[in-house]
file my_file_18.txt (compact mmCIF, C-alpha atoms)
# COMPACT_ATOMS: atom_id res chain seq x y z
CA MET A 1 -29.03 49.20 -23.56
CA LYS A 2 -25.92 51.40 -23.78
CA LEU A 3 -25.57 51.24 -20.01
CA ILE A 4 -25.75 47.45 -20.11
CA GLY A 5 -23.14 47.36 -22.86
CA VAL A 6 -20.80 49.58 -20.83
CA LEU A 7 -21.33 47.36 -17.78
CA PHE A 8 -20.48 44.23 -19.75
CA ALA A 9 -17.35 45.94 -21.07
CA ILE A 10 -16.21 46.91 -17.56
CA LEU A 11 -16.83 43.41 -16.27
CA ALA A 12 -14.97 41.90 -19.22
CA VAL A 13 -11.95 44.14 -18.67
CA SER A 14 -11.97 43.39 -14.93
CA SER A 15 -12.22 39.64 -15.54
CA VAL A 16 -9.40 39.66 -18.09
CA ALA A 17 -7.24 41.69 -15.75
CA MET A 18 -7.68 39.15 -12.95
CA ALA A 19 -7.89 36.07 -15.16
CA GLN A 20 -5.53 33.12 -14.79
CA PRO A 21 -5.25 30.23 -17.29
CA ALA A 22 -6.95 27.08 -16.04
CA ASP A 23 -5.03 23.85 -15.56
CA PRO A 24 -6.25 20.97 -17.77
CA CYS A 25 -6.69 18.72 -14.72
CA LEU A 26 -9.73 20.80 -13.74
CA GLY A 27 -11.67 19.50 -16.74
CA LEU A 28 -12.61 22.95 -18.06
CA PRO A 29 -12.98 24.28 -21.64
CA ASP A 30 -9.69 25.02 -23.40
CA ASN A 31 -9.98 28.80 -23.08
CA ALA A 32 -11.17 28.88 -19.46
CA THR A 33 -9.57 31.46 -17.19
CA GLU A 34 -9.93 31.93 -13.45
CA VAL A 35 -11.78 34.99 -12.17
CA GLU A 36 -12.38 36.55 -8.78
CA VAL A 37 -14.68 34.99 -6.18
CA TRP A 38 -16.11 36.30 -2.92
CA GLU A 39 -17.65 34.37 -0.01
CA TRP A 40 -20.58 35.69 2.02
CA VAL A 41 -19.42 35.51 5.65
CA ALA A 42 -21.21 37.00 8.66
CA GLY A 43 -23.16 39.48 6.56
CA ALA A 44 -20.31 40.66 4.33
CA TRP A 45 -18.59 39.66 1.09
CA VAL A 46 -15.04 38.41 1.80
CA PRO A 47 -12.71 38.08 -1.21
CA ILE A 48 -11.09 34.73 -1.91
CA ILE A 49 -7.54 35.38 -3.09
CA LEU A 50 -6.93 34.25 -6.65
CA CYS A 51 -4.66 31.16 -6.79
CA ASP A 52 -5.06 30.57 -3.03
CA PRO A 53 -4.53 26.81 -2.43
CA CYS A 54 -6.89 27.07 0.56
CA ALA A 55 -9.77 28.49 -1.52
CA LYS A 56 -13.06 26.71 -0.85
CA ALA A 57 -14.53 27.73 -4.21
CA ARG A 58 -13.20 28.92 -7.56
CA LEU A 59 -14.84 30.37 -10.68
CA PHE A 60 -13.76 30.09 -14.32
CA ALA A 61 -15.01 31.91 -17.39
CA SER A 62 -14.73 30.66 -20.97
CA GLY A 63 -16.27 31.12 -24.39
CA GLY A 64 -17.17 34.65 -25.47
CA LEU A 65 -18.68 36.29 -28.53
CA ASP A 66 -17.69 39.28 -30.62
CA CYS A 67 -19.59 40.83 -33.54
CA TYR A 68 -19.79 44.10 -35.43
CA CYS A 69 -22.67 44.22 -37.94
CA ASN A 70 -26.20 45.50 -38.61
CA ARG A 71 -28.20 42.38 -37.85
CA ARG A 72 -31.46 43.28 -36.08
CA GLU A 73 -31.44 40.50 -33.47
CA TRP A 74 -28.83 38.24 -31.89
CA VAL A 75 -29.43 35.22 -29.67
CA ILE A 76 -26.48 34.70 -27.34
CA PRO A 77 -26.39 31.28 -25.62
CA VAL A 78 -25.12 31.28 -22.05
CA GLU A 79 -24.11 28.22 -20.01
CA ILE A 80 -23.82 28.12 -16.24
CA HIS A 81 -22.35 24.99 -14.62
CA ALA A 82 -21.31 23.97 -11.11
CA SER A 83 -19.29 20.89 -10.16
CA ILE A 84 -19.52 20.16 -6.43
CA ALA A 85 -16.84 18.09 -4.71
CA GLN A 86 -17.77 15.48 -2.14
CA TRP A 87 -17.01 16.33 1.46
CA VAL A 88 -17.18 14.29 4.65
CA ASP A 89 -17.67 15.37 8.25
CA PHE A 90 -16.93 12.55 10.69
CA TYR A 91 -16.38 12.15 14.40
CA VAL A 92 -14.78 9.18 16.15
CA THR A 93 -14.72 9.14 19.95
CA GLY A 94 -11.56 7.06 20.25
CA THR A 95 -8.80 5.36 18.27
CA ARG A 96 -7.18 3.32 21.05
CA TRP A 97 -8.74 0.95 23.57
CA ASP A 98 -7.00 -0.63 26.56
CA TRP A 99 -8.38 -3.56 28.52
CA ARG A 100 -7.23 -4.05 32.12
CA VAL A 101 -8.35 -7.51 33.28
CA LEU A 102 -7.94 -8.93 36.80
CA LYS A 103 -9.63 -12.33 36.40
CA PRO A 104 -10.68 -14.69 33.57
CA GLY A 105 -14.08 -14.08 32.01
CA THR A 106 -15.90 -12.80 28.92
CA TYR A 107 -16.15 -9.03 28.77
CA GLY A 108 -17.76 -6.58 26.34
CA GLY A 109 -17.38 -2.84 26.07
CA ASP A 110 -18.44 0.22 24.10
CA CYS A 111 -15.27 0.94 22.07
CA ILE A 112 -16.13 3.97 20.02
CA THR A 113 -18.99 5.97 18.54
CA PHE A 114 -18.96 6.78 14.82
CA GLU A 115 -20.76 9.77 13.35
CA VAL A 116 -20.51 10.39 9.59
CA CYS A 117 -22.12 13.09 7.41
CA SER A 118 -21.42 13.49 3.69
CA ASN A 119 -23.01 14.80 0.50
CA GLY A 120 -22.30 11.46 -1.21
CA GLU A 121 -21.82 7.78 -0.51
CA VAL A 122 -19.02 6.86 1.92
CA CYS A 123 -17.56 3.34 2.12
CA ILE A 124 -15.94 1.93 5.26
CA ASP A 125 -13.14 -0.61 4.89
CA TYR A 126 -11.66 -2.62 7.79
CA GLU A 127 -8.14 -4.03 7.66
CA GLY A 128 -5.92 -5.79 10.18
CA PHE A 129 -8.56 -6.72 12.77
CA ASP A 130 -7.69 -9.98 14.54
CA ASP A 131 -7.59 -11.64 17.93
CA LEU A 132 -5.36 -9.84 20.42
CA TYR A 133 -1.92 -11.47 20.33
CA SER A 134 1.16 -11.91 22.49
CA PRO A 135 4.25 -13.82 21.32
CA THR A 136 5.28 -14.50 24.94
CA SER A 137 2.04 -16.18 26.07
CA CYS A 138 1.57 -19.94 26.19
CA THR A 139 -1.88 -19.18 24.76
CA PRO A 140 -0.92 -16.36 22.38
CA TYR A 141 -4.38 -15.35 21.11
CA ILE A 142 -7.28 -13.83 23.05
CA PRO A 143 -10.57 -14.58 21.25
CA THR A 144 -11.88 -11.17 20.17
CA TRP A 145 -15.22 -10.07 18.67
CA TYR A 146 -16.72 -6.80 17.40
CA ALA A 147 -20.28 -5.64 16.84
CA TYR A 148 -22.27 -2.60 15.70
CA GLY A 149 -25.39 -1.24 17.37
CA GLN A 150 -26.75 1.00 20.09
CA GLN A 151 -27.28 -1.57 22.89
CA ILE A 152 -24.95 -4.42 23.87
CA GLU A 153 -27.91 -6.70 24.56
CA THR A 154 -29.09 -6.63 20.93
CA VAL A 155 -25.88 -6.54 18.85
CA GLU A 156 -24.68 -9.43 16.68
CA TRP A 157 -21.07 -10.31 17.41
CA ILE A 158 -18.59 -11.09 14.64
CA ARG A 159 -15.11 -12.53 15.10
CA ALA A 160 -12.38 -9.91 14.73
CA ILE A 161 -10.85 -11.41 11.58
CA ASP A 162 -14.27 -11.57 9.89
CA LEU A 163 -14.74 -7.82 10.38
CA ASN A 164 -12.14 -7.34 7.61
CA ILE A 165 -14.59 -8.71 5.03
CA ASP A 166 -17.66 -6.98 6.50
CA ASP A 167 -17.17 -3.63 4.75
CA ASP A 168 -20.06 -1.16 4.67
CA CYS A 169 -21.26 1.77 2.56
CA ILE A 170 -23.19 4.70 3.99
CA PRO A 171 -25.57 6.62 1.70
CA GLU A 172 -25.60 10.41 1.46
CA VAL A 173 -26.36 11.80 4.93
CA CYS A 174 -26.28 15.56 5.34
CA PRO A 175 -25.90 17.53 8.61
CA GLY A 176 -28.79 17.02 10.98
CA HIS A 177 -29.30 13.46 9.75
CA CYS A 178 -25.84 11.97 10.28
CA TRP A 179 -25.24 8.22 10.26
CA GLN A 180 -24.29 7.14 13.77
CA THR A 181 -23.45 3.84 15.42
CA LYS A 182 -21.29 2.31 18.13
CA LEU A 183 -18.54 -0.26 17.64
CA TRP A 184 -18.46 -2.71 20.53
CA THR A 185 -15.60 -5.02 21.50
CA ARG A 186 -15.65 -8.34 23.34
CA VAL A 187 -12.81 -10.48 24.68
CA GLU A 188 -12.71 -13.92 26.25
CA ILE A 189 -9.97 -14.15 28.88
CA GLN A 190 -9.15 -17.74 29.82
CA GLU A 191 -7.17 -19.18 32.73
CA CYS A 192 -4.47 -20.30 30.30
CA HIS A 193 -3.74 -16.73 29.15
CA THR A 194 -0.32 -15.73 30.44
CA ALA A 195 0.04 -12.52 32.43
CA CYS A 196 1.53 -10.33 29.67
CA GLU A 197 0.59 -7.76 27.04
CA TYR A 198 -1.64 -8.58 24.05
CA HIS A 199 -2.06 -6.30 21.05
CA ASP A 200 -3.55 -5.80 17.59
CA ASP A 201 -3.07 -2.99 15.02
CA ALA A 202 -5.92 -2.30 12.62
CA VAL A 203 -7.05 0.37 10.17
CA ILE A 204 -10.49 1.77 9.31
CA THR A 205 -10.57 3.60 5.95
CA LEU A 206 -13.32 6.00 4.86
CA THR A 207 -13.57 6.42 1.08
CA LEU A 208 -15.56 9.16 -0.66
CA VAL A 209 -17.21 7.25 -3.51
CA ASN A 210 -18.36 10.27 -5.54
CA GLN A 211 -15.25 12.47 -5.37
CA LYS A 212 -14.53 14.62 -8.41
CA PRO A 213 -11.47 13.98 -10.61
CA TRP A 214 -10.28 17.57 -10.10
CA VAL A 215 -9.73 16.89 -6.38
CA ASP A 216 -6.42 15.28 -5.40
CA ASP A 217 -6.31 12.31 -3.04
CA ASP A 218 -5.17 14.64 -0.25
CA GLY A 219 -8.32 16.75 -0.68
CA SER A 220 -6.62 19.72 -2.36
CA TRP A 221 -7.09 21.22 -5.82
CA CYS A 222 -5.49 19.10 -8.55
CA ASP A 223 -3.56 22.12 -9.86
CA LYS A 224 -2.29 23.36 -6.48
CA ASP A 225 0.11 22.23 -3.82
CA PRO A 226 -1.81 21.03 -0.75
CA CYS A 227 -3.04 23.82 1.49
CA PRO A 228 -1.19 23.65 4.85
CA PHE A 229 -4.56 23.88 6.63
CA TRP A 230 -6.43 21.46 4.34
CA GLY A 231 -7.88 18.29 5.83
CA CYS A 232 -10.68 17.42 8.22
CA ASP A 233 -11.98 20.94 8.86

call {"tool": "encode", "arguments": {"input": "my_file_18.txt", "output": "structure tokens"}}
result
Amino acid sequence: MKLIGVLFAILAVSSVAMAQPADPCLGLPDNATEVEVWEWVAGAWVPIILCDPCAKARLFASGGLDCYCNRREWVIPVEIHASIAQWVDFYVTGTRWDWRVLKPGTYGGDCITFEVCSNGEVCIDYEGFDDLYSPTSCTPYIPTWYAYGQQIETVEWIRAIDLNIDDDCIPEVCPGHCWQTKLWTRVEIQECHTACEYHDDAVITLTLVNQKPWVDDDGSWCDKDPCPFWGCD
């Protein structure tokens, strides 16, 4: 028992020596302080530098108990808690598509492939999708459609502008079971379309539904400046 007491004392001194006050935005107890953390990498423990804005995990200690008396037995409650942030791992095969059309006709193509993995629900929002447009054409709009699916023969086409109200949510899908689909595009080129350039700018937004309040919108710690390497990795 004496050895255990000495060990606790050494650990307490070490933790206090390395401790840093916790920022309130982290949602921790009032007396929480930050302590050292190591990550197991390639068979070895690698220290994570205290206060490093690029840290992938942090640990905080709070509470404590002190007594000096002759009571025969003490029950010391201990709480262990982990709050896990939501992450997303996604892959998009392309963000720009260029049609080159020699003659009128209706054409469809495999625009991009989406692959999304996350430990929580992810919502997909579409904005700005519309028919391709040229202000210099006597017929300024090219009828444009989009569709999801694996095979062009079986997809259900939706007009470009209607895609903006066809938002989707993907349930939790961890690595090895990623959500995957293709976004197809279709255009109808008519004889009255002037020989010129047509264009549309759109945005697809992925939103992490279950993100923790202690994570800033840029994905960094709420009490730190953004890590220069933080982002999609």

call {"tool": "residues_near_point", "arguments": {"input": "my_file_18.txt", "point": "(-14.4, 33.8, -23.7)", "cutoff": "10 Å", "atoms": "all atoms listed in the file", "output": "PDB file with C-alpha atoms, in the coordinates of the input"}}
result
ATOM      1  CA  ALA A  12     -14.970  41.900 -19.220  1.00  0.00           C
ATOM      2  CA  VAL A  16      -9.400  39.660 -18.090  1.00  0.00           C
ATOM      3  CA  PRO A  29     -12.980  24.280 -21.640  1.00  0.00           C
ATOM      4  CA  ASP A  30      -9.690  25.020 -23.400  1.00  0.00           C
ATOM      5  CA  ASN A  31      -9.980  28.800 -23.080  1.00  0.00           C
ATOM      6  CA  ALA A  32     -11.170  28.880 -19.460  1.00  0.00           C
ATOM      7  CA  THR A  33      -9.570  31.460 -17.190  1.00  0.00           C
ATOM      8  CA  ALA A  61     -15.010  31.910 -17.390  1.00  0.00           C
ATOM      9  CA  SER A  62     -14.730  30.660 -20.970  1.00  0.00           C
ATOM     10  CA  GLY A  63     -16.270  31.120 -24.390  1.00  0.00           C
ATOM     11  CA  GLY A  64     -17.170  34.650 -25.470  1.00  0.00           C
ATOM     12  CA  LEU A  65     -18.680  36.290 -28.530  1.00  0.00           C
ATOM     13  CA  ASP A  66     -17.690  39.280 -30.620  1.00  0.00           C
TER      14      ASP A  66
END

call {"tool": "closest_residue", "arguments": {"input": "my_file_18.txt", "among": "A:Phe129, A:Trp74, A:Tyr198, A:Trp179", "to": "Tyr91 in chain A", "atoms": "only C-alpha atoms"}}
result
A:Trp179

call {"tool": "atom_distance", "arguments": {"input": "my_file_18.txt", "atom1": "CA of Trp214 in chain A", "atom2": "CA of Ile84 in chain A"}}
result
10.3 Å

call {"tool": "closest_residue", "arguments": {"input": "my_file_18.txt", "among": "A:Tyr141, A:Trp40, A:Glu34, A:Thr106", "to": "Asp52 in chain A", "atoms": "only C-alpha atoms"}}
result
A:Glu34

call {"tool": "closest_residue", "arguments": {"input": "my_file_18.txt", "among": "A:Leu102, A:Cys227, A:Val155, A:Ile124", "to": "Lys182 in chain A", "atoms": "all atoms listed in the file"}}
result
A:Val155

call {"tool": "closest_residue", "arguments": {"input": "my_file_18.txt", "among": "A:Ile158, A:Cys69, A:Val37, A:Val75", "to": "Cys51 in chain A", "atoms": "all atoms listed in the file"}}
result
A:Val37

call {"tool": "atom_distance", "arguments": {"input": "my_file_18.txt", "atom1": "CA of Cys192 in chain A", "atom2": "CA of Arg100 in chain A"}}
result
16.6 Å

call {"tool": "atom_distance", "arguments": {"input": "my_file_18.txt", "atom1": "CA of Gly94 in chain A", "atom2": "CA of Cys111 in chain A"}}
result
7.4 Å

call {"tool": "axis_aligned_box", "arguments": {"input": "my_file_18.txt", "around": "range 30-38 of chain A", "padding_each_side": "4 Å", "output": "AutoDock Vina command-line options"}}
result
--center_x -12.8 --center_y 30.8 --center_z -13.2 --size_x 14.5 --size_y 19.5 --size_z 28.5

call {"tool": "residues_around", "arguments": {"input": "my_file_18.txt", "residues": "Pro213 in chain A", "least_positions_apart": "6", "cutoff": "10 Å", "atoms": "only C-alpha atoms", "output": "list in words"}}
result
Cys25, Leu26, Gly27, Ala85, Trp221 and Cys222 of chain A

call {"tool": "closest_residue", "arguments": {"input": "my_file_18.txt", "among": "A:Val203, A:Arg71, A:Pro140, A:His81", "to": "Leu28 in chain A", "atoms": "all atoms listed in the file"}}
result
A:His81

call {"tool": "closest_residue", "arguments": {"input": "my_file_18.txt", "among": "A:Tyr68, A:Trp184, A:Trp38, A:Trp87", "to": "Thr113 in chain A", "atoms": "all atoms listed in the file"}}
result
A:Trp184

call {"tool": "residues_around", "arguments": {"input": "my_file_18.txt", "residues": "Gly128 in chain A", "least_positions_apart": "5", "cutoff": "8 Å", "atoms": "all atoms listed in the file", "output": "PyMOL selection string"}}
result
chain A and resi 161+164+200-203

call {"tool": "residues_around", "arguments": {"input": "my_file_18.txt", "residues": "Thr136 in chain A", "least_positions_apart": "2", "cutoff": "8 Å", "atoms": "all atoms listed in the file", "output": "list in words"}}
result
Ser134, Cys138, Pro140, Thr194 and Cys196 of chain A

call {"tool": "write_last_selection", "arguments": {"input": "my_file_18.txt", "atoms": "C-alpha atoms", "output": "JSON list (two decimals), keeping the file's coordinate frame"}}
result
[["chain", "number", "residue", "atom", "x", "y", "z"],
["A", 134, "SER", "CA", 1.16, -11.91, 22.49],
["A", 138, "CYS", "CA", 1.57, -19.94, 26.19],
["A", 140, "PRO", "CA", -0.92, -16.36, 22.38],
["A", 194, "THR", "CA", -0.32, -15.73, 30.44],
["A", 196, "CYS", "CA", 1.53, -10.33, 29.67]]

call {"tool": "build_atoms", "arguments": {"input": "my_file_18.txt", "residues": "range 188-212 of chain A", "atoms": "N, CA and C atoms", "output": "mmCIF file, in the coordinates of the input"}}
result
data_model
loop_
_atom_site.group_PDB
_atom_site.id
_atom_site.type_symbol
_atom_site.label_atom_id
_atom_site.label_comp_id
_atom_site.auth_asym_id
_atom_site.auth_seq_id
_atom_site.Cartn_x
_atom_site.Cartn_y
_atom_site.Cartn_z
ATOM 1 N N GLU A 188 -12.515 -12.753 25.381
ATOM 2 C CA GLU A 188 -12.710 -13.920 26.250
ATOM 3 C C GLU A 188 -11.369 -14.262 26.885
ATOM 4 N N ILE A 189 -11.224 -13.922 28.152
ATOM 5 C CA ILE A 189 -9.970 -14.150 28.880
ATOM 6 C C ILE A 189 -10.064 -15.501 29.597
ATOM 7 N N GLN A 190 -9.130 -16.390 29.263
ATOM 8 C CA GLN A 190 -9.150 -17.740 29.820
ATOM 9 C C GLN A 190 -8.049 -17.900 30.874
ATOM 10 N N GLU A 191 -8.158 -18.935 31.680
ATOM 11 C CA GLU A 191 -7.170 -19.180 32.730
ATOM 12 C C GLU A 191 -5.788 -19.453 32.153
ATOM 13 N N CYS A 192 -5.757 -19.971 30.910
ATOM 14 C CA CYS A 192 -4.470 -20.300 30.300
ATOM 15 C C CYS A 192 -3.776 -19.095 29.651
ATOM 16 N N HIS A 193 -4.387 -17.917 29.711
ATOM 17 C CA HIS A 193 -3.740 -16.730 29.150
ATOM 18 C C HIS A 193 -2.680 -16.211 30.123
ATOM 19 N N THR A 194 -1.453 -16.170 29.623
ATOM 20 C CA THR A 194 -0.320 -15.730 30.440
ATOM 21 C C THR A 194 -0.485 -14.262 30.828
ATOM 22 N N ALA A 195 0.045 -13.917 31.988
ATOM 23 C CA ALA A 195 0.040 -12.520 32.430
ATOM 24 C C ALA A 195 1.085 -11.744 31.617
ATOM 25 N N CYS A 196 0.640 -11.110 30.530
ATOM 26 C CA CYS A 196 1.530 -10.330 29.670
ATOM 27 C C CYS A 196 0.694 -9.362 28.846
ATOM 28 N N GLU A 197 1.285 -8.760 27.854
ATOM 29 C CA GLU A 197 0.590 -7.760 27.040
ATOM 30 C C GLU A 197 0.161 -8.362 25.695
ATOM 31 N N TYR A 198 -1.078 -8.111 25.313
ATOM 32 C CA TYR A 198 -1.640 -8.580 24.050
ATOM 33 C C TYR A 198 -2.025 -7.355 23.204
ATOM 34 N N HIS A 199 -1.913 -7.507 21.878
ATOM 35 C CA HIS A 199 -2.060 -6.300 21.050
ATOM 36 C C HIS A 199 -2.569 -6.660 19.647
ATOM 37 N N ASP A 200 -3.185 -5.679 19.002
ATOM 38 C CA ASP A 200 -3.550 -5.800 17.590
ATOM 39 C C ASP A 200 -3.570 -4.396 16.986
ATOM 40 N N ASP A 201 -3.035 -4.255 15.776
ATOM 41 C CA ASP A 201 -3.070 -2.990 15.020
ATOM 42 C C ASP A 201 -4.026 -3.162 13.852
ATOM 43 N N ALA A 202 -4.942 -2.232 13.698
ATOM 44 C CA ALA A 202 -5.920 -2.300 12.620
ATOM 45 C C ALA A 202 -6.134 -0.911 12.027
ATOM 46 N N VAL A 203 -6.799 -0.886 10.878
ATOM 47 C CA VAL A 203 -7.050 0.370 10.170
ATOM 48 C C VAL A 203 -8.497 0.394 9.690
ATOM 49 N N ILE A 204 -9.162 1.531 9.874
ATOM 50 C CA ILE A 204 -10.490 1.770 9.310
ATOM 51 C C ILE A 204 -10.335 2.883 8.276
ATOM 52 N N THR A 205 -10.728 2.620 7.030
ATOM 53 C CA THR A 205 -10.570 3.600 5.950
ATOM 54 C C THR A 205 -11.936 4.069 5.469
ATOM 55 N N LEU A 206 -12.118 5.390 5.434
ATOM 56 C CA LEU A 206 -13.320 6.000 4.860
ATOM 57 C C LEU A 206 -12.993 6.454 3.446
ATOM 58 N N THR A 207 -13.796 6.058 2.469
ATOM 59 C CA THR A 207 -13.570 6.420 1.080
ATOM 60 C C THR A 207 -14.765 7.185 0.537
ATOM 61 N N LEU A 208 -14.503 8.363 -0.044
ATOM 62 C CA LEU A 208 -15.560 9.160 -0.660
ATOM 63 C C LEU A 208 -15.803 8.622 -2.067
ATOM 64 N N VAL A 209 -16.939 7.974 -2.269
ATOM 65 C CA VAL A 209 -17.210 7.250 -3.510
ATOM 66 C C VAL A 209 -17.406 8.201 -4.693
ATOM 67 N N ASN A 210 -17.981 9.373 -4.453
ATOM 68 C CA ASN A 210 -18.360 10.270 -5.540
ATOM 69 C C ASN A 210 -17.418 11.479 -5.685
ATOM 70 N N GLN A 211 -16.165 11.332 -5.279
ATOM 71 C CA GLN A 211 -15.250 12.470 -5.370
ATOM 72 C C GLN A 211 -14.974 12.833 -6.816
ATOM 73 N N LYS A 212 -14.758 14.126 -7.062
ATOM 74 C CA LYS A 212 -14.530 14.620 -8.410
ATOM 75 C C LYS A 212 -13.081 14.407 -8.833
#
